[in-house]
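Notes for the one structure printed next.
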Amino acid sequence: MSLMVAALFFHQLNRLWEYGFSGVGHHYAPVFGVRLPRRSATAGQLLALPLALLIALTVPSFVGRTIVVALISFWMLATHMRLSDHCWLGAVTVAAIAFTPTRLHPLVAQDLLVGLYLTAALFKVNDEYLFSERSAGRVVTAHYFRLVGLPDFPRIQKAVPVVVIAAELVTGLLVCVSGSESWALWLAILMHLAFGVSGNFPFSVVALVLWVTMLSPSGQIAVTGIPKELLGAAIFVGLLALAGGRTAAGHRSASWLFKDFYQGAAYGVLCAMAVLSPADVVAAAVGGGLLVHALIGVAFCVNFLLVVAGVKLEWSFAMFTSLRPFGRSWLERHQMRDGPRYYALTLPPRIPRSLLGEVDPVFVYLATRDENVVHEGVVYHLEAVARRHNVTFAPQVMRIGSEGRALVPAAPSQPAPRRRFLDYPAVVPKSLDRRYLA
């Protein structure tokens, strides 16, 4: 459990490193619909995870584990704009491990990995991801190639979606087959290294923590190697990340270079721990194992069906799948009875400086651009803030146009925005022809 809490802390450190502390207290777009006071949001973002890690390391009792789960829940409640899939995966892992016997922890990790890889692969089987020029697989690959100065390689870009689906599907299936864990592990290491250098090392770190847990006998992490091997792996992968890691164009500062190296080093240590772990074959016959399989299997099936039914997109382990809230893939749902409304916002003639102290100016610009629409859960809180400062963003509810290619004003009906979970993205393109990375 401590290792997964540390992985979540790793994610939070990276966010602070990239975005700084200026927006830590902002909570105008609460993921779970409850807007916290600025001090509470700040405490949740800055203090909850370090305190959870300290308690996980020093208070291994049931009470300590319960406090850790509560602190992580508080951190998620304070999360702003979007809860990444790997954060939800890490939180679910901590909760599951906290309240199951230690001997079942490898089973829990195994089932979570199987569910993660198989559903992530299945979610990608849609027209937009496989064949569209807007495919997240193609877009991310082309962006990374540009950042590192490589040619476009159109054939490689077209092949990437199929390769990613195949890699995730094969990895998930190999995890299920006793004796093939090492093959699955090496495939996962290469796949997550590619994900990492192209900008998502936090996800890779969370996934490798699950691998370490799965390969640890009786749930007790034990590494047969020596510190020198772990250090070597850290330096080697750190240098790979330093050479190949890219997330933005232009000159990388010394701080950014160090971040690339330290992310790769952390990932390298976890890879070495997984490879050097004295793998204990996970058997369903372990007392309680069948119940673990059943509960986690049902949870993933329900999660998958909720996405297919159009009930949600976020927190689904559907990483970069080109799923769209109102898109043209197999998940399109025009007739959702209670789906989230999206609103077009208008920039007020004047914006009080005090309002920009509560709402990030960059987000105000993004939310009021003509090509974007905003989730009603965000609009609900934005309007509450605006009214306190005697202005309005004049929200106008949108609907799918008759041609189905864009969102258009839904006049004359103008229902008020509702307080909602951000189980759909906070801001999306108005045009369904524009690319959208879930």
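Chain labels follow the order of the structure tokens: the first chain is A, the next B, and so on; residue numbering restarts at 1 in every chain, and ligands are counted from 1 in their shown order.
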
Write out as CSV the residues of region 152-231 of chain A that have any atom within 6 Å of an atom of region 107-123 of chain A, one row each with the nearest atom pair and its distance in Å to one decimal, counting only C-alpha atoms, sorted by chain and then rising number.
```
residue,atom,partner,partner_atom,distance
A:Ile165,CA,A:Ala121,CA,4.8
A:Glu168,CA,A:Tyr117,CA,5.0
A:Leu169,CA,A:Leu118,CA,5.4
A:Gly172,CA,A:Val114,CA,4.7
A:Leu210,CA,A:Ala109,CA,5.2
A:Met214,CA,A:Ala109,CA,5.1
```

Could you give me, as a PyMOL selection string, the residues within 10 Å of region 362-365 of chain A, counting only C-alpha atoms and dropping anything in the same chain fewer than 2 positions from it?
-> chain A and resi 345-347+351+356+359-360+367-370+382+393+427

Let's have the selection written as a compact mmCIF listing (two decimals), in the first residue's frame, with N, CA, C and O atoms.
```
# COMPACT_ATOMS: atom_id res chain seq x y z
N LEU A 345 -20.03 29.64 -23.42
CA LEU A 345 -19.88 30.79 -22.52
C LEU A 345 -19.38 32.00 -23.29
O LEU A 345 -18.66 31.86 -24.29
N THR A 346 -19.77 33.17 -22.81
CA THR A 346 -19.36 34.43 -23.43
C THR A 346 -18.54 35.24 -22.45
O THR A 346 -18.90 35.34 -21.28
N LEU A 347 -17.44 35.79 -22.93
CA LEU A 347 -16.58 36.60 -22.08
C LEU A 347 -17.31 37.90 -21.70
O LEU A 347 -17.83 38.60 -22.56
N ILE A 351 -13.96 42.12 -16.81
CA ILE A 351 -13.69 41.03 -15.88
C ILE A 351 -13.03 41.61 -14.64
O ILE A 351 -11.89 42.09 -14.72
N LEU A 356 -10.58 36.99 -11.30
CA LEU A 356 -9.42 36.26 -11.81
C LEU A 356 -8.53 35.74 -10.68
O LEU A 356 -7.62 34.94 -10.93
N VAL A 359 -10.59 32.34 -10.41
CA VAL A 359 -10.62 31.52 -11.63
C VAL A 359 -9.39 31.84 -12.47
O VAL A 359 -9.11 33.02 -12.73
N ASP A 360 -8.68 30.81 -12.88
CA ASP A 360 -7.46 30.98 -13.66
C ASP A 360 -7.76 31.73 -14.96
O ASP A 360 -8.65 31.31 -15.73
N ALA A 367 -12.39 28.60 -21.77
CA ALA A 367 -13.82 28.28 -21.64
C ALA A 367 -14.70 29.19 -22.47
O ALA A 367 -15.82 28.81 -22.83
N THR A 368 -14.23 30.39 -22.78
CA THR A 368 -15.07 31.34 -23.52
C THR A 368 -14.71 31.44 -24.99
O THR A 368 -15.30 32.25 -25.71
N ARG A 369 -13.78 30.62 -25.46
CA ARG A 369 -13.47 30.62 -26.89
C ARG A 369 -14.65 30.08 -27.67
O ARG A 369 -15.37 29.17 -27.24
N ASP A 370 -14.86 30.61 -28.86
CA ASP A 370 -16.04 30.26 -29.65
C ASP A 370 -16.07 28.79 -30.02
O ASP A 370 -17.15 28.22 -30.20
N LEU A 382 -18.75 28.27 -12.06
CA LEU A 382 -18.26 29.50 -12.67
C LEU A 382 -19.29 30.62 -12.55
O LEU A 382 -18.95 31.77 -12.24
N PHE A 393 -21.22 34.90 -17.35
CA PHE A 393 -20.65 34.32 -18.57
C PHE A 393 -21.75 33.99 -19.58
O PHE A 393 -21.46 33.37 -20.61
N VAL A 427 -14.07 20.55 -20.62
CA VAL A 427 -14.16 21.38 -21.82
C VAL A 427 -13.93 20.50 -23.03
O VAL A 427 -12.98 19.70 -23.05
```

Compile a residue-level contact table for region 206-297 of chain A against region 132-146 of chain A at a cut-off of 10 Å, reporting for every qualifying residue the shortest atom pair and its distance in Å to one decimal, with only C-alpha atoms counted, rows ordered by chain and ascending number, as JSON lines.
```
{"residue": "A:Gly244", "atom": "CA", "partner": "A:Tyr144", "partner_atom": "CA", "distance": 9.6}
{"residue": "A:Gly245", "atom": "CA", "partner": "A:Tyr144", "partner_atom": "CA", "distance": 9.0}
{"residue": "A:Arg246", "atom": "CA", "partner": "A:Tyr144", "partner_atom": "CA", "distance": 6.8}
{"residue": "A:Thr247", "atom": "CA", "partner": "A:Tyr144", "partner_atom": "CA", "distance": 7.7}
{"residue": "A:Ala248", "atom": "CA", "partner": "A:Tyr144", "partner_atom": "CA", "distance": 8.9}
{"residue": "A:Ala249", "atom": "CA", "partner": "A:Arg146", "partner_atom": "CA", "distance": 8.5}
```

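Considering only C-alpha atoms, the residue among A:Asn200, A:Lys158, A:Val163, A:Leu104 positioned nearest to Met319 (chain A) is A:Asn200.
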
Atom pair CA of Tyr19 (chain A) / CA of Arg388 (chain A): separation (Å) = 27.1 Å

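When the distance limit is 7 Å and only C-alpha atoms are what count, the residues near region 252-268 of chain A, minus those fewer than 3 positions from it on the same chain, are Phe201, Val205, Ala233, Ala234, Ile235, Val237, Gly238, Leu239, Ala241, Leu242, Gly245, Cys271 and Ala272 of chain A.
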
Contacts of region 54-60 of chain A at 6 Å (only C-alpha atoms; same-chain gap of 3+ positions) as a list in words |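 Here the answer would be Ser2, Leu51 and Gly64 of chain A.
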
Dump as a PDB file, in the first residue's frame, selection limited to N, CA, C and O atoms:
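Contents of the output file result-v3.pdb:
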```pdb
ATOM      1  N   SER A   2       1.950   1.235   0.779  1.00  0.00           N
ATOM      2  CA  SER A   2       2.835   2.395   0.853  1.00  0.00           C
ATOM      3  C   SER A   2       3.404   2.743  -0.516  1.00  0.00           C
ATOM      4  O   SER A   2       3.531   3.929  -0.875  1.00  0.00           O
ATOM      5  N   LEU A  51       0.905  13.184   4.043  1.00  0.00           N
ATOM      6  CA  LEU A  51       0.462  12.653   5.322  1.00  0.00           C
ATOM      7  C   LEU A  51       0.013  11.203   5.190  1.00  0.00           C
ATOM      8  O   LEU A  51       0.304  10.370   6.058  1.00  0.00           O
ATOM      9  N   GLY A  64      -4.749   2.776  10.894  1.00  0.00           N
ATOM     10  CA  GLY A  64      -3.846   3.526  10.029  1.00  0.00           C
ATOM     11  C   GLY A  64      -4.240   3.405   8.567  1.00  0.00           C
ATOM     12  O   GLY A  64      -4.254   4.402   7.831  1.00  0.00           O
TER      13      GLY A  64
END
```

Considering only C-alpha atoms, return as JSON, numbers by chain whatever protein or nucleic-acid residues lie within 9 Å of region 413-424 of chain A, sequence-local ones (same chain, fewer than 3 positions apart) excluded.
-> {"A": [29, 30, 31, 32, 33, 34, 81, 82, 83, 311, 312, 313, 314, 315, 325, 340, 341, 342, 343, 375, 376, 377, 378, 379, 380, 381, 395, 396, 397, 398, 410, 427]}

Which residue out of A:Ala207, A:Leu215, A:Ala194, A:Val302 has the minimum interatomic distance to Pro278 (chain A) when only C-alpha atoms are used?
->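 The shortest atom-to-atom distance to Pro278 (chain A) comes from A:Leu215.
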
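On the backbone of this structure, DSSP gives helix (DSSP H, G or I) within region 347-426 of chain A to Arg353, Ser354, Leu355, Leu356, Pro361, Val362, Phe363, Val364, Tyr365, Leu366, Ala367, Glu376, Gly377, Val378, Val379, Tyr380, His381, Leu382, Glu383, Ala384, Val385, Ala386, Arg387 and Arg388 of chain A.
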
Smallest atom-to-atom distance to Thr392 (chain A): which of A:Arg35, A:Phe236, A:Ala294, A:Leu355, using only C-alpha atoms?
-> A:Leu355

Nearest to Asp127 (chain A) among A:Gly196, A:Pro161, A:Pro151, A:Gly232, with distances taken over only C-alpha atoms: which residue is it?
-> A:Pro161

Write out as a PyMOL selection string each polymer residue whose atoms come within 9 Å of Thr213 (chain A), counting only C-alpha atoms; drop sequence neighbours fewer than 3 positions from it.
-> chain A and resi 1+3+105-110+208-210+216-217+219-221+274

Could you please take those selected residues and save N, CA, C and O atoms as a JSON list (two decimals), in the first residue's frame?
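Final output, result-v1.json:
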```
[["chain", "number", "residue", "atom", "x", "y", "z"],
["A", 1, "MET", "N", 0.83, -1.20, 0.00],
["A", 1, "MET", "CA", 0.00, 0.00, 0.00],
["A", 1, "MET", "C", 0.87, 1.26, 0.00],
["A", 1, "MET", "O", 0.57, 2.23, -0.68],
["A", 3, "LEU", "N", 3.73, 1.72, -1.30],
["A", 3, "LEU", "CA", 4.32, 1.96, -2.62],
["A", 3, "LEU", "C", 3.31, 2.65, -3.55],
["A", 3, "LEU", "O", 3.68, 3.55, -4.32],
["A", 105, "HIS", "N", -2.92, -9.69, -1.66],
["A", 105, "HIS", "CA", -2.53, -8.50, -2.40],
["A", 105, "HIS", "C", -2.01, -8.82, -3.81],
["A", 105, "HIS", "O", -2.34, -8.08, -4.76],
["A", 106, "PRO", "N", -1.21, -9.88, -4.01],
["A", 106, "PRO", "CA", -0.81, -10.20, -5.39],
["A", 106, "PRO", "C", -1.99, -10.50, -6.29],
["A", 106, "PRO", "O", -1.99, -10.13, -7.47],
["A", 107, "LEU", "N", -3.02, -11.17, -5.75],
["A", 107, "LEU", "CA", -4.21, -11.45, -6.55],
["A", 107, "LEU", "C", -4.94, -10.17, -6.94],
["A", 107, "LEU", "O", -5.41, -10.01, -8.06],
["A", 108, "VAL", "N", -5.06, -9.26, -5.97],
["A", 108, "VAL", "CA", -5.71, -7.98, -6.25],
["A", 108, "VAL", "C", -4.97, -7.25, -7.37],
["A", 108, "VAL", "O", -5.58, -6.75, -8.33],
["A", 109, "ALA", "N", -3.64, -7.19, -7.26],
["A", 109, "ALA", "CA", -2.84, -6.50, -8.28],
["A", 109, "ALA", "C", -2.97, -7.19, -9.63],
["A", 109, "ALA", "O", -3.09, -6.52, -10.67],
["A", 110, "GLN", "N", -2.94, -8.52, -9.64],
["A", 110, "GLN", "CA", -3.08, -9.25, -10.90],
["A", 110, "GLN", "C", -4.41, -8.94, -11.58],
["A", 110, "GLN", "O", -4.45, -8.64, -12.78],
["A", 208, "LEU", "N", 3.55, 0.01, -12.84],
["A", 208, "LEU", "CA", 4.66, -0.84, -12.38],
["A", 208, "LEU", "C", 4.55, -1.16, -10.90],
["A", 208, "LEU", "O", 5.01, -2.23, -10.45],
["A", 209, "VAL", "N", 3.95, -0.28, -10.10],
["A", 209, "VAL", "CA", 3.71, -0.62, -8.70],
["A", 209, "VAL", "C", 2.80, -1.84, -8.61],
["A", 209, "VAL", "O", 3.00, -2.73, -7.77],
["A", 210, "LEU", "N", 1.79, -1.90, -9.47],
["A", 210, "LEU", "CA", 0.92, -3.08, -9.50],
["A", 210, "LEU", "C", 1.70, -4.33, -9.89],
["A", 210, "LEU", "O", 1.48, -5.42, -9.33],
["A", 216, "SER", "N", 5.12, -10.12, -5.83],
["A", 216, "SER", "CA", 5.68, -10.21, -4.48],
["A", 216, "SER", "C", 5.03, -11.35, -3.72],
["A", 216, "SER", "O", 3.81, -11.38, -3.56],
["A", 217, "PRO", "N", 5.81, -12.32, -3.25],
["A", 217, "PRO", "CA", 5.25, -13.48, -2.55],
["A", 217, "PRO", "C", 4.45, -13.07, -1.33],
["A", 217, "PRO", "O", 4.90, -12.29, -0.50],
["A", 219, "GLY", "N", 2.30, -11.03, -0.82],
["A", 219, "GLY", "CA", 2.06, -9.61, -0.64],
["A", 219, "GLY", "C", 3.17, -8.85, 0.02],
["A", 219, "GLY", "O", 3.05, -7.64, 0.26],
["A", 220, "GLN", "N", 4.30, -9.51, 0.35],
["A", 220, "GLN", "CA", 5.44, -8.84, 0.98],
["A", 220, "GLN", "C", 6.48, -8.55, -0.09],
["A", 220, "GLN", "O", 7.01, -9.47, -0.71],
["A", 221, "ILE", "N", 6.76, -7.28, -0.33],
["A", 221, "ILE", "CA", 7.70, -6.91, -1.38],
["A", 221, "ILE", "C", 9.10, -7.37, -1.00],
["A", 221, "ILE", "O", 9.62, -7.02, 0.06],
["A", 274, "ALA", "N", 10.45, -5.20, -10.09],
["A", 274, "ALA", "CA", 9.56, -6.21, -10.64],
["A", 274, "ALA", "C", 10.34, -7.37, -11.24],
["A", 274, "ALA", "O", 10.02, -8.55, -11.02]]
```

All residues 10 Å or closer to Leu36 (chain A), only C-alpha atoms, same chain fewer than 2 positions away omitted, as a list in words =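 Final neighbour list, sorted by chain and number: Gly25, His26, His27, Tyr28, Pro30, Gly33, Val34, Arg38, Arg39, Ser40, Ala41, Thr42, Gly44, Leu77, Ala78 and Thr79 of chain A.
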
Would you save the residues of that selection, restricted to N, CA, C and O atoms, as a PDB file, in the first residue's frame?
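The resulting again-v1.pdb:
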```
ATOM      1  N   GLY A  25      -4.967  26.318  -4.928  1.00  0.00           N
ATOM      2  CA  GLY A  25      -6.206  26.511  -4.182  1.00  0.00           C
ATOM      3  C   GLY A  25      -7.442  26.665  -5.040  1.00  0.00           C
ATOM      4  O   GLY A  25      -8.555  26.744  -4.511  1.00  0.00           O
ATOM      5  N   HIS A  26      -7.288  26.702  -6.368  1.00  0.00           N
ATOM      6  CA  HIS A  26      -8.441  26.847  -7.245  1.00  0.00           C
ATOM      7  C   HIS A  26      -9.322  25.600  -7.179  1.00  0.00           C
ATOM      8  O   HIS A  26      -8.820  24.474  -7.195  1.00  0.00           O
ATOM      9  N   HIS A  27     -10.619  25.827  -7.144  1.00  0.00           N
ATOM     10  CA  HIS A  27     -11.535  24.683  -7.113  1.00  0.00           C
ATOM     11  C   HIS A  27     -12.858  25.053  -7.768  1.00  0.00           C
ATOM     12  O   HIS A  27     -13.927  24.640  -7.317  1.00  0.00           O
ATOM     13  N   TYR A  28     -12.785  25.824  -8.868  1.00  0.00           N
ATOM     14  CA  TYR A  28     -13.995  26.231  -9.576  1.00  0.00           C
ATOM     15  C   TYR A  28     -14.512  25.125 -10.491  1.00  0.00           C
ATOM     16  O   TYR A  28     -15.601  25.244 -11.045  1.00  0.00           O
ATOM     17  N   PRO A  30     -14.609  21.447  -9.531  1.00  0.00           N
ATOM     18  CA  PRO A  30     -14.361  20.270  -8.694  1.00  0.00           C
ATOM     19  C   PRO A  30     -14.803  18.992  -9.394  1.00  0.00           C
ATOM     20  O   PRO A  30     -15.913  18.921  -9.935  1.00  0.00           O
ATOM     21  N   GLY A  33     -17.955  17.552  -7.873  1.00  0.00           N
ATOM     22  CA  GLY A  33     -19.105  18.420  -7.779  1.00  0.00           C
ATOM     23  C   GLY A  33     -19.242  19.244  -6.522  1.00  0.00           C
ATOM     24  O   GLY A  33     -20.156  20.055  -6.406  1.00  0.00           O
ATOM     25  N   VAL A  34     -18.363  19.057  -5.545  1.00  0.00           N
ATOM     26  CA  VAL A  34     -18.430  19.807  -4.288  1.00  0.00           C
ATOM     27  C   VAL A  34     -17.271  20.790  -4.257  1.00  0.00           C
ATOM     28  O   VAL A  34     -16.103  20.384  -4.224  1.00  0.00           O
ATOM     29  N   ARG A  38     -10.989  27.604  -0.389  1.00  0.00           N
ATOM     30  CA  ARG A  38      -9.618  27.645  -0.931  1.00  0.00           C
ATOM     31  C   ARG A  38      -8.618  26.959  -0.001  1.00  0.00           C
ATOM     32  O   ARG A  38      -7.753  26.205  -0.455  1.00  0.00           O
ATOM     33  N   ARG A  39      -8.751  27.187   1.307  1.00  0.00           N
ATOM     34  CA  ARG A  39      -7.797  26.572   2.233  1.00  0.00           C
ATOM     35  C   ARG A  39      -7.939  25.056   2.256  1.00  0.00           C
ATOM     36  O   ARG A  39      -6.940  24.331   2.325  1.00  0.00           O
ATOM     37  N   SER A  40      -9.171  24.573   2.192  1.00  0.00           N
ATOM     38  CA  SER A  40      -9.386  23.124   2.192  1.00  0.00           C
ATOM     39  C   SER A  40      -8.844  22.496   0.919  1.00  0.00           C
ATOM     40  O   SER A  40      -8.217  21.425   0.951  1.00  0.00           O
ATOM     41  N   ALA A  41      -9.098  23.147  -0.224  1.00  0.00           N
ATOM     42  CA  ALA A  41      -8.577  22.623  -1.484  1.00  0.00           C
ATOM     43  C   ALA A  41      -7.056  22.609  -1.481  1.00  0.00           C
ATOM     44  O   ALA A  41      -6.425  21.649  -1.947  1.00  0.00           O
ATOM     45  N   THR A  42      -6.450  23.657  -0.944  1.00  0.00           N
ATOM     46  CA  THR A  42      -4.989  23.723  -0.856  1.00  0.00           C
ATOM     47  C   THR A  42      -4.446  22.612   0.030  1.00  0.00           C
ATOM     48  O   THR A  42      -3.464  21.943  -0.317  1.00  0.00           O
ATOM     49  N   GLY A  44      -5.892  19.773   0.706  1.00  0.00           N
ATOM     50  CA  GLY A  44      -6.077  18.494   0.032  1.00  0.00           C
ATOM     51  C   GLY A  44      -5.029  18.223  -1.018  1.00  0.00           C
ATOM     52  O   GLY A  44      -4.564  17.087  -1.171  1.00  0.00           O
ATOM     53  N   LEU A  77     -11.265  14.470  -3.561  1.00  0.00           N
ATOM     54  CA  LEU A  77     -12.326  15.469  -3.431  1.00  0.00           C
ATOM     55  C   LEU A  77     -11.805  16.863  -3.749  1.00  0.00           C
ATOM     56  O   LEU A  77     -12.523  17.704  -4.288  1.00  0.00           O
ATOM     57  N   ALA A  78     -10.534  17.109  -3.411  1.00  0.00           N
ATOM     58  CA  ALA A  78      -9.923  18.417  -3.681  1.00  0.00           C
ATOM     59  C   ALA A  78      -9.353  18.529  -5.092  1.00  0.00           C
ATOM     60  O   ALA A  78      -8.854  19.584  -5.472  1.00  0.00           O
ATOM     61  N   THR A  79      -9.435  17.440  -5.867  1.00  0.00           N
ATOM     62  CA  THR A  79      -8.877  17.449  -7.219  1.00  0.00           C
ATOM     63  C   THR A  79      -9.692  18.369  -8.118  1.00  0.00           C
ATOM     64  O   THR A  79     -10.921  18.418  -8.041  1.00  0.00           O
TER      65      THR A  79
END
```
